[in-house]
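Asker: What follows is protein_35.csv; its format and atoms are CSV, C-alpha atoms and all ligand atoms.
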chain,number,residue,atom,x,y,z
U,1,MET,CA,-130.5,41.3,91.0
U,2,ASP,CA,-131.2,45.0,91.2
U,3,ARG,CA,-133.7,46.6,93.6
U,4,LEU,CA,-136.3,47.3,91.0
U,5,THR,CA,-136.2,43.7,89.8
U,6,ARG,CA,-136.6,42.5,93.4
U,7,PHE,CA,-139.5,44.8,93.9
U,8,ILE,CA,-141.2,43.7,90.7
U,9,ASN,CA,-140.6,40.0,91.5
U,10,SER,CA,-142.0,40.6,95.0
U,11,ILE,CA,-145.3,42.0,93.5
U,12,ILE,CA,-145.5,39.1,91.1
U,13,ALA,CA,-145.1,36.6,93.9
U,14,ASN,CA,-147.1,38.3,96.7
U,15,GLY,CA,-149.3,40.9,95.0
U,16,THR,CA,-153.0,40.9,94.8
U,17,ALA,CA,-154.8,40.5,91.5
U,18,ALA,CA,-156.6,43.6,90.3
U,19,THR,CA,-158.1,45.1,87.1
U,20,VAL,CA,-157.9,48.6,85.8
U,21,LYS,CA,-160.4,50.1,83.5
U,22,GLU,CA,-158.6,52.1,80.8
U,23,TYR,CA,-160.0,54.3,78.1
U,24,SER,CA,-158.3,55.0,74.8
U,25,GLY,CA,-159.3,57.2,71.8
U,26,GLY,CA,-162.5,59.2,71.7
U,27,THR,CA,-163.1,62.9,71.9
U,28,GLN,CA,-163.4,65.1,74.9
U,29,CYS,CA,-167.0,65.5,76.1
U,30,PRO,CA,-168.3,69.1,76.2
U,31,CYS,CA,-169.1,68.6,79.9
U,32,MET,CA,-165.3,68.5,80.6
U,33,ILE,CA,-164.7,72.2,79.8
U,34,SER,CA,-168.0,73.5,81.1
U,35,ARG,CA,-166.3,74.9,84.1
U,36,GLY,CA,-163.2,76.2,82.3
U,37,THR,CA,-160.4,74.8,80.3
U,38,GLU,CA,-157.7,75.1,83.0
U,39,ALA,CA,-158.6,71.9,84.7
U,40,PRO,CA,-161.2,70.0,82.6
U,41,ALA,CA,-163.4,67.8,84.8
U,42,TYR,CA,-166.5,65.7,84.3
U,43,SER,CA,-169.6,67.6,85.0
U,44,ALA,CA,-172.8,65.7,85.9
U,45,ASP,CA,-174.5,69.1,86.2
U,46,TRP,CA,-173.7,69.9,82.5
U,47,HIS,CA,-175.3,66.6,81.5
U,48,ARG,CA,-178.4,67.5,83.6
U,49,ARG,CA,-178.7,70.8,81.8
U,50,ASN,CA,-178.0,69.2,78.3
U,51,PRO,CA,-180.1,66.0,78.5
U,52,SER,CA,-180.1,65.5,74.7
U,53,ALA,CA,-176.2,65.4,74.5
U,54,THR,CA,-174.4,62.1,74.3
U,55,ASN,CA,-173.7,60.9,77.8
U,56,CYS,CA,-170.0,60.2,78.5
U,57,ASN,CA,-171.0,58.2,81.6
U,58,GLY,CA,-168.5,60.0,83.8
U,59,THR,CA,-165.5,59.3,81.6
U,60,GLY,CA,-165.3,62.7,80.0
U,61,LEU,CA,-164.8,61.0,76.7
U,62,ILE,CA,-167.2,60.2,73.8
U,63,GLY,CA,-166.6,57.3,71.5
U,64,SER,CA,-163.6,55.9,73.5
U,65,THR,CA,-162.7,52.3,73.8
U,66,THR,CA,-162.8,50.7,77.2
U,67,SER,CA,-160.3,48.0,78.0
U,68,THR,CA,-159.5,46.1,81.2
U,69,VAL,CA,-155.8,45.6,82.2
U,70,SER,CA,-155.0,42.9,84.6
U,71,ILE,CA,-152.3,43.8,87.2
U,72,LYS,CA,-150.9,42.6,90.5
U,73,THR,CA,-150.4,45.2,93.2
U,74,MET,CA,-149.7,45.5,96.9
U,75,VAL,CA,-152.8,46.6,98.7
U,76,ILE,CA,-152.4,48.6,101.9
U,77,ASP,CA,-154.6,50.7,104.1
U,78,ALA,CA,-154.8,54.1,102.6
U,79,LYS,CA,-154.4,55.7,106.0
U,80,ALA,CA,-150.9,54.2,106.1
U,81,VAL,CA,-149.7,56.6,103.4
U,82,GLY,CA,-152.5,59.2,104.0
U,83,ASP,CA,-150.5,61.0,106.7
U,84,GLU,CA,-147.7,61.6,104.2
U,85,VAL,CA,-150.1,63.1,101.8
U,86,ASP,CA,-151.7,65.1,104.5
U,87,ARG,CA,-148.3,66.7,105.3
U,88,SER,CA,-147.9,67.6,101.7
U,89,GLY,CA,-151.2,69.5,101.7
U,90,LYS,CA,-152.9,67.3,99.2
U,91,TRP,CA,-156.1,66.7,101.2
U,92,THR,CA,-157.9,69.5,99.2
U,93,GLU,CA,-157.6,67.4,96.0
U,94,ILE,CA,-158.5,64.1,97.5
U,95,GLY,CA,-161.0,64.8,100.2
U,96,LYS,CA,-160.8,62.9,103.5
U,97,LEU,CA,-159.8,59.3,103.2
U,98,GLU,CA,-162.3,56.8,104.6
U,99,ALA,CA,-161.6,53.5,106.4
U,100,ASP,CA,-162.4,51.5,103.3
U,101,ASP,CA,-160.0,53.4,101.0
U,102,VAL,CA,-156.9,51.7,99.9
U,103,ALA,CA,-153.4,52.5,98.7
U,104,LEU,CA,-152.0,50.4,95.9
U,105,TYR,CA,-148.2,50.3,96.2
U,106,GLY,CA,-146.5,49.4,92.9
U,107,ALA,CA,-148.0,47.3,90.2
U,108,VAL,CA,-147.0,44.8,87.6
U,109,LYS,CA,-148.9,44.2,84.3
U,110,VAL,CA,-149.8,40.5,84.4
U,111,SER,CA,-149.5,40.0,80.6
U,112,ASP,CA,-145.8,40.8,80.4
U,113,GLY,CA,-144.6,41.2,84.0
U,114,SER,CA,-143.6,44.8,83.3
U,115,ASN,CA,-143.8,47.7,85.8
U,116,TYR,CA,-147.3,49.2,85.5
U,117,SER,CA,-147.7,52.9,86.2
U,118,PHE,CA,-150.7,54.4,87.9
U,119,ALA,CA,-149.4,57.9,87.1
U,120,ASP,CA,-151.7,58.7,84.2
U,121,LEU,CA,-154.8,57.4,85.9
U,122,THR,CA,-157.6,59.6,87.2
U,123,ASP,CA,-160.8,59.0,89.1
U,124,LYS,CA,-162.6,57.8,86.0
U,125,ASN,CA,-160.2,54.8,85.8
U,126,GLU,CA,-161.9,52.3,88.1
U,127,ILE,CA,-159.8,49.7,89.8
U,128,THR,CA,-161.3,46.5,91.0
U,129,VAL,CA,-159.4,44.7,93.7
U,130,LEU,CA,-160.5,42.3,96.6
U,131,GLY,CA,-164.1,42.4,95.3
U,132,ASN,CA,-164.5,46.1,95.5
U,133,THR,CA,-164.3,48.9,93.0
U,134,TYR,CA,-162.2,52.0,93.6
U,135,ALA,CA,-161.5,55.4,91.9
U,136,VAL,CA,-158.0,56.6,91.7
U,137,LYS,CA,-157.8,59.9,93.7
U,138,TYR,CA,-154.0,60.6,93.8
U,139,THR,CA,-150.9,59.0,92.5
U,140,LEU,CA,-147.4,59.0,94.0
U,141,LYS,CA,-144.1,58.5,92.2
U,142,ILE,CA,-141.4,56.5,93.9
U,143,PRO,CA,-138.0,56.3,92.2
U,144,ILE,CA,-136.2,53.0,92.5
U,145,ASP,CA,-132.7,53.0,90.9
U,146,GLY,CA,-133.7,55.5,88.3
U,147,THR,CA,-137.0,53.9,87.4
U,148,VAL,CA,-140.3,55.3,88.7
U,149,VAL,CA,-142.7,52.9,90.4
U,150,THR,CA,-146.1,54.4,91.4
U,151,ALA,CA,-148.6,54.2,94.2
U,152,ALA,CA,-152.3,55.1,94.0
U,153,LEU,CA,-154.6,56.3,96.7
U,154,CYS,CA,-158.0,55.0,95.9
U,155,ARG,CA,-161.5,55.9,97.1
U,156,ARG,CA,-163.9,53.0,97.5
U,157,LEU,CA,-166.9,53.2,95.1
U,158,SER,CA,-168.7,50.0,95.8
Q,201,ZN,ZN,-169.6,64.3,79.7
Take the structure in the file and give it back as structure tokens.
Ligand SMILES: [Zn+2]
Answerer:
Amino acid sequence: MDRLTRFINSIIANGTAATVKEYSGGTQCPCMISRGTEAPAYSADWHRRNPSATNCNGTGLIGSTTSTVSIKTMVIDAKAVGDEVDRSGKWTEIGKLEADDVALYGAVKVSDGSNYSFADLTDKNEITVLGNTYAVKYTLKIPIDGTVVTAALCRRLS
């Protein structure tokens, strides 16, 4: 058994159930580029100034389909990997990690047992695990035998 298969099997056997909210399709909300096209980001302020515009509800997308993906993942204290992120100078993107924040190390899609990647997720993709909801703040790529598994640093929302 290769190392990736062992890792995946370990998550299936010992991981914690979680759900990820994913969005597909739709068009970009005008609020996304209100602060420039270089790094489009949701703008609550734009929606305040344009109350009659369709509200994208923080997703930055209009008319997209929301789906929920069931995964299993290893939940660890975000501060356990936070120091590594600190050394790489990423705090400016994430903000300070709080005690309730978590890191999700590796994930498997429950429906087919495949390696699930956090890489394309952003803070609009809410993850619910252990009864709380989190926003993805930063993702890490961890190569195992040529395949990339991912970890996600998540900020607690509720
Ligand atoms: Zn919007």
Asker: Please provide the set of residues having any atom within 8 Å of Lys72 in chain U, restricted to only C-alpha atoms, with same-chain residues fewer than 5 positions apart removed, written as a list in words.
Answerer: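 In the requested form, the answer reads Ile11, Ile12, Gly15, Thr16, Ala17, Ala18, Ala107, Val108, Lys109 and Val110 of chain U.
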Asker: To check your reading of the model: which residues sit at most 12 Å from ligand ZN 201 (chain Q) when counting only C-alpha atoms and all ligand atoms? Write the answer as a count of residues only.
Answerer: 35
Asker: What's the 7 Å shell around Tyr105 in chain U, counting all atoms listed in the file, without same-chain residues fewer than 6 positions away, as a compact mmCIF listing (two decimals) with C-alpha atoms, in the coordinates of the input?
Answerer:
# COMPACT_ATOMS: atom_id res chain seq x y z
CA THR U 73 -150.40 45.20 93.20
CA MET U 74 -149.70 45.50 96.90
CA VAL U 75 -152.80 46.60 98.70
CA THR U 150 -146.10 54.40 91.40
CA ALA U 151 -148.60 54.20 94.20
CA ALA U 152 -152.30 55.10 94.00
Asker: Counting all atoms listed in the file, select every polymer residue within 10 Å of (-165.5, 57.3, 98.2) as defined in the file's coordinates, and provide the selection as a ChimeraX atom specification.
Answerer: /U:94-101,133-137,154-158
Asker: Need to verify the contact set: range 3-10 of chain U, 7 Å, all atoms listed in the file, exclusion of same-chain residues closer than 4 positions in sequence. Can you return it as a list in words?
Answerer: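 The residues satisfying every condition are Asn14, Val108, Asn115, Ile144 and Asp145 of chain U.
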Asker: Can I get the selected residues back with C-alpha atoms, as a short mmCIF file (atom, residue, chain, number, x, y, z; two decimals), in the frame of the given file?
Answerer:
data_model
loop_
_atom_site.label_atom_id
_atom_site.label_comp_id
_atom_site.auth_asym_id
_atom_site.auth_seq_id
_atom_site.Cartn_x
_atom_site.Cartn_y
_atom_site.Cartn_z
CA ASN U 14 -147.10 38.30 96.70
CA VAL U 108 -147.00 44.80 87.60
CA ASN U 115 -143.80 47.70 85.80
CA ILE U 144 -136.20 53.00 92.50
CA ASP U 145 -132.70 53.00 90.90
#
Asker: Do you have the CA of Val149 in chain U-CA of Thr68 in chain U distance handy?
Answerer: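 Taking CA of Val149 in chain U as the start and CA of Thr68 in chain U as the end point, the length is 20.3 Å.
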Asker: Of the candidates U:Gly36, U:Gly106, U:Leu140, U:Gly131, which shows the shortest atom-to-atom distance to Val81 in chain U, using all atoms listed in the file?
Answerer: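 Checking each candidate against Val81 in chain U, we get U:Leu140 as the closest.
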Asker: Which distance in Å separates CA of Val148 in chain U and CA of Ala103 in chain U, to one decimal?
Answerer: 16.7 Å
Asker: Using only C-alpha atoms, pick whichever of U:Asp112, U:Met1, U:Gly25, U:Pro143 has the shortest atom-to-atom distance to Ser70 in chain U.
Answerer: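 Closest to Ser70 in chain U of all the choices is U:Asp112.
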Asker: Which distance in Å separates CA of Val102 in chain U and CA of Ala80 in chain U, to one decimal?
Answerer: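 Computing the Euclidean distance for CA of Val102 in chain U and CA of Ala80 in chain U yields 9.0 Å.
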